[in-house]
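First up is the structure itself, then whatever we jot down about it.
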Amino acid sequence: MPMQNDQVFCINHPNQLMTRNTGFSALTKVDKKQNIITFNPSSGVPIIVFYCPLCGYVEEYAAHPNEEWKSL
């Protein structure tokens, strides 16, 4: 569900505000050569993760650089 006024609500419980995980997470790049899959943690997309405390539904958004990046 898209953010509403910088808040994220659960798609299953429209009145439930979702909880943001602290910090950042990442979707890492995956390389495949023939039948071998290798995860490449040095390349990927930083994300922020939200979850519903009632049902566990998860949403991810690209993490745009902001003041929080300075604390990493």
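By convention in this document, the chains of the structure tokens carry letters A, B, ... by their order, each chain's residues are numbered from 1, and ligands are numbered from 1 in the order they are shown.
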Identify, with DSSP run on backbone atoms, the residues in chain A assigned to strand (DSSP E), and express the list as a PDB file with N, CA and C atoms, in the first residue's frame.
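Saved file result-v1.pdb follows:
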ATOM      1  N   THR A  19       4.827  -1.042  11.613  1.00  0.00           N
ATOM      2  CA  THR A  19       6.015  -0.728  12.393  1.00  0.00           C
ATOM      3  C   THR A  19       7.236  -0.770  11.481  1.00  0.00           C
ATOM      4  N   ARG A  20       8.114   0.220  11.614  1.00  0.00           N
ATOM      5  CA  ARG A  20       9.329   0.230  10.804  1.00  0.00           C
ATOM      6  C   ARG A  20      10.456  -0.456  11.571  1.00  0.00           C
ATOM      7  N   SER A  25      18.016  -2.176   5.656  1.00  0.00           N
ATOM      8  CA  SER A  25      18.252  -3.536   5.188  1.00  0.00           C
ATOM      9  C   SER A  25      18.708  -3.426   3.746  1.00  0.00           C
ATOM     10  N   ALA A  26      18.871  -4.570   3.069  1.00  0.00           N
ATOM     11  CA  ALA A  26      19.307  -4.510   1.674  1.00  0.00           C
ATOM     12  C   ALA A  26      18.806  -5.717   0.899  1.00  0.00           C
ATOM     13  N   LEU A  27      18.523  -5.481  -0.369  1.00  0.00           N
ATOM     14  CA  LEU A  27      18.296  -6.561  -1.316  1.00  0.00           C
ATOM     15  C   LEU A  27      19.616  -6.716  -2.051  1.00  0.00           C
ATOM     16  N   THR A  28      20.257  -7.857  -1.891  1.00  0.00           N
ATOM     17  CA  THR A  28      21.571  -8.027  -2.504  1.00  0.00           C
ATOM     18  C   THR A  28      21.460  -8.564  -3.924  1.00  0.00           C
ATOM     19  N   LYS A  29      22.494  -8.291  -4.685  1.00  0.00           N
ATOM     20  CA  LYS A  29      22.554  -8.759  -6.064  1.00  0.00           C
ATOM     21  C   LYS A  29      22.850 -10.258  -6.077  1.00  0.00           C
ATOM     22  N   VAL A  30      22.285 -10.946  -7.040  1.00  0.00           N
ATOM     23  CA  VAL A  30      22.531 -12.370  -7.225  1.00  0.00           C
ATOM     24  C   VAL A  30      23.148 -12.568  -8.601  1.00  0.00           C
ATOM     25  N   ASP A  31      24.278 -13.254  -8.635  1.00  0.00           N
ATOM     26  CA  ASP A  31      24.931 -13.592  -9.898  1.00  0.00           C
ATOM     27  C   ASP A  31      24.722 -15.074 -10.172  1.00  0.00           C
ATOM     28  N   LYS A  32      24.412 -15.412 -11.415  1.00  0.00           N
ATOM     29  CA  LYS A  32      24.231 -16.813 -11.793  1.00  0.00           C
ATOM     30  C   LYS A  32      25.129 -17.134 -12.979  1.00  0.00           C
ATOM     31  N   LYS A  33      25.964 -18.126 -12.772  1.00  0.00           N
ATOM     32  CA  LYS A  33      26.824 -18.623 -13.846  1.00  0.00           C
ATOM     33  C   LYS A  33      26.556 -20.114 -13.954  1.00  0.00           C
ATOM     34  N   ILE A  36      25.321 -22.243 -10.888  1.00  0.00           N
ATOM     35  CA  ILE A  36      25.829 -21.769  -9.600  1.00  0.00           C
ATOM     36  C   ILE A  36      25.301 -20.368  -9.336  1.00  0.00           C
ATOM     37  N   ILE A  37      24.678 -20.201  -8.178  1.00  0.00           N
ATOM     38  CA  ILE A  37      24.139 -18.903  -7.766  1.00  0.00           C
ATOM     39  C   ILE A  37      25.015 -18.360  -6.649  1.00  0.00           C
ATOM     40  N   THR A  38      25.437 -17.109  -6.798  1.00  0.00           N
ATOM     41  CA  THR A  38      26.280 -16.458  -5.803  1.00  0.00           C
ATOM     42  C   THR A  38      25.627 -15.150  -5.382  1.00  0.00           C
ATOM     43  N   PHE A  39      25.498 -14.955  -4.069  1.00  0.00           N
ATOM     44  CA  PHE A  39      24.980 -13.695  -3.546  1.00  0.00           C
ATOM     45  C   PHE A  39      26.137 -12.712  -3.445  1.00  0.00           C
ATOM     46  N   ASN A  40      25.912 -11.495  -3.940  1.00  0.00           N
ATOM     47  CA  ASN A  40      26.959 -10.486  -3.960  1.00  0.00           C
ATOM     48  C   ASN A  40      26.544  -9.336  -3.033  1.00  0.00           C
ATOM     49  N   PRO A  41      26.920  -9.395  -1.743  1.00  0.00           N
ATOM     50  CA  PRO A  41      26.484  -8.366  -0.798  1.00  0.00           C
ATOM     51  C   PRO A  41      27.114  -6.995  -1.024  1.00  0.00           C
ATOM     52  N   SER A  42      28.116  -6.912  -1.903  1.00  0.00           N
ATOM     53  CA  SER A  42      28.721  -5.607  -2.164  1.00  0.00           C
ATOM     54  C   SER A  42      27.934  -4.812  -3.201  1.00  0.00           C
ATOM     55  N   SER A  43      26.855  -5.410  -3.730  1.00  0.00           N
ATOM     56  CA  SER A  43      26.021  -4.719  -4.709  1.00  0.00           C
ATOM     57  C   SER A  43      24.559  -5.037  -4.418  1.00  0.00           C
ATOM     58  N   GLY A  44      23.728  -4.036  -4.483  1.00  0.00           N
ATOM     59  CA  GLY A  44      22.310  -4.252  -4.222  1.00  0.00           C
ATOM     60  C   GLY A  44      21.589  -2.946  -3.993  1.00  0.00           C
ATOM     61  N   VAL A  45      20.433  -3.024  -3.353  1.00  0.00           N
ATOM     62  CA  VAL A  45      19.589  -1.852  -3.111  1.00  0.00           C
ATOM     63  C   VAL A  45      19.315  -1.727  -1.618  1.00  0.00           C
ATOM     64  N   PRO A  46      19.669  -0.601  -0.996  1.00  0.00           N
ATOM     65  CA  PRO A  46      19.309  -0.399   0.407  1.00  0.00           C
ATOM     66  C   PRO A  46      17.809  -0.139   0.519  1.00  0.00           C
ATOM     67  N   ILE A  47      17.189  -0.741   1.529  1.00  0.00           N
ATOM     68  CA  ILE A  47      15.744  -0.609   1.700  1.00  0.00           C
ATOM     69  C   ILE A  47      15.393  -0.333   3.161  1.00  0.00           C
ATOM     70  N   ILE A  48      14.179   0.180   3.364  1.00  0.00           N
ATOM     71  CA  ILE A  48      13.599   0.252   4.702  1.00  0.00           C
ATOM     72  C   ILE A  48      12.443  -0.738   4.719  1.00  0.00           C
ATOM     73  N   VAL A  49      12.248  -1.382   5.868  1.00  0.00           N
ATOM     74  CA  VAL A  49      11.268  -2.456   5.988  1.00  0.00           C
ATOM     75  C   VAL A  49      10.219  -2.078   7.027  1.00  0.00           C
ATOM     76  N   PHE A  50       8.957  -2.292   6.672  1.00  0.00           N
ATOM     77  CA  PHE A  50       7.835  -2.096   7.571  1.00  0.00           C
ATOM     78  C   PHE A  50       7.111  -3.436   7.729  1.00  0.00           C
ATOM     79  N   TYR A  51       6.566  -3.693   8.916  1.00  0.00           N
ATOM     80  CA  TYR A  51       5.790  -4.915   9.125  1.00  0.00           C
ATOM     81  C   TYR A  51       4.548  -4.619   9.966  1.00  0.00           C
ATOM     82  N   VAL A  58       4.665  -7.647   5.300  1.00  0.00           N
ATOM     83  CA  VAL A  58       5.889  -6.858   5.174  1.00  0.00           C
ATOM     84  C   VAL A  58       5.853  -6.023   3.896  1.00  0.00           C
ATOM     85  N   GLU A  59       6.315  -4.782   3.991  1.00  0.00           N
ATOM     86  CA  GLU A  59       6.495  -3.924   2.822  1.00  0.00           C
ATOM     87  C   GLU A  59       7.892  -3.351   2.864  1.00  0.00           C
ATOM     88  N   GLU A  60       8.469  -3.176   1.675  1.00  0.00           N
ATOM     89  CA  GLU A  60       9.811  -2.635   1.552  1.00  0.00           C
ATOM     90  C   GLU A  60       9.784  -1.428   0.627  1.00  0.00           C
ATOM     91  N   TYR A  61      10.582  -0.421   0.974  1.00  0.00           N
ATOM     92  CA  TYR A  61      10.711   0.774   0.146  1.00  0.00           C
ATOM     93  C   TYR A  61      12.188   1.061  -0.050  1.00  0.00           C
ATOM     94  N   ALA A  62      12.541   1.602  -1.198  1.00  0.00           N
ATOM     95  CA  ALA A  62      13.927   2.007  -1.426  1.00  0.00           C
ATOM     96  C   ALA A  62      14.302   3.054  -0.384  1.00  0.00           C
TER      97      ALA A  62
END
Name all residues at most 8 Å from Cys52 of chain A (count only C-alpha atoms; drop same-chain ones fewer than 5 positions away) and give them as a PDB file with N, CA and C atoms, in the first residue's frame.
ATOM      1  N   PHE A   9       0.296   1.907   6.253  1.00  0.00           N
ATOM      2  CA  PHE A   9      -0.749   1.118   6.888  1.00  0.00           C
ATOM      3  C   PHE A   9      -0.808  -0.260   6.240  1.00  0.00           C
ATOM      4  N   CYS A  10      -1.240  -1.237   7.011  1.00  0.00           N
ATOM      5  CA  CYS A  10      -1.291  -2.620   6.537  1.00  0.00           C
ATOM      6  C   CYS A  10      -2.345  -2.783   5.446  1.00  0.00           C
ATOM      7  N   GLN A  16      -4.461  -0.235  10.658  1.00  0.00           N
ATOM      8  CA  GLN A  16      -3.288  -0.592  11.461  1.00  0.00           C
ATOM      9  C   GLN A  16      -2.029   0.049  10.896  1.00  0.00           C
ATOM     10  N   LEU A  17      -1.412   0.909  11.693  1.00  0.00           N
ATOM     11  CA  LEU A  17      -0.147   1.517  11.315  1.00  0.00           C
ATOM     12  C   LEU A  17       0.944   0.453  11.391  1.00  0.00           C
ATOM     13  N   MET A  18       1.752   0.355  10.347  1.00  0.00           N
ATOM     14  CA  MET A  18       2.814  -0.643  10.324  1.00  0.00           C
ATOM     15  C   MET A  18       4.032  -0.126  11.084  1.00  0.00           C
ATOM     16  N   THR A  19       4.827  -1.042  11.613  1.00  0.00           N
ATOM     17  CA  THR A  19       6.015  -0.728  12.393  1.00  0.00           C
ATOM     18  C   THR A  19       7.236  -0.770  11.481  1.00  0.00           C
ATOM     19  N   TYR A  57       2.476  -8.942   7.766  1.00  0.00           N
ATOM     20  CA  TYR A  57       2.642  -8.459   6.392  1.00  0.00           C
ATOM     21  C   TYR A  57       3.842  -7.520   6.346  1.00  0.00           C
ATOM     22  N   VAL A  58       4.665  -7.647   5.300  1.00  0.00           N
ATOM     23  CA  VAL A  58       5.889  -6.858   5.174  1.00  0.00           C
ATOM     24  C   VAL A  58       5.853  -6.023   3.896  1.00  0.00           C
TER      25      VAL A  58
END
Correct to one decimal, the distance atom CA of Cys55 of chain A-atom CA of Asn12 of chain A is 7.9 Å
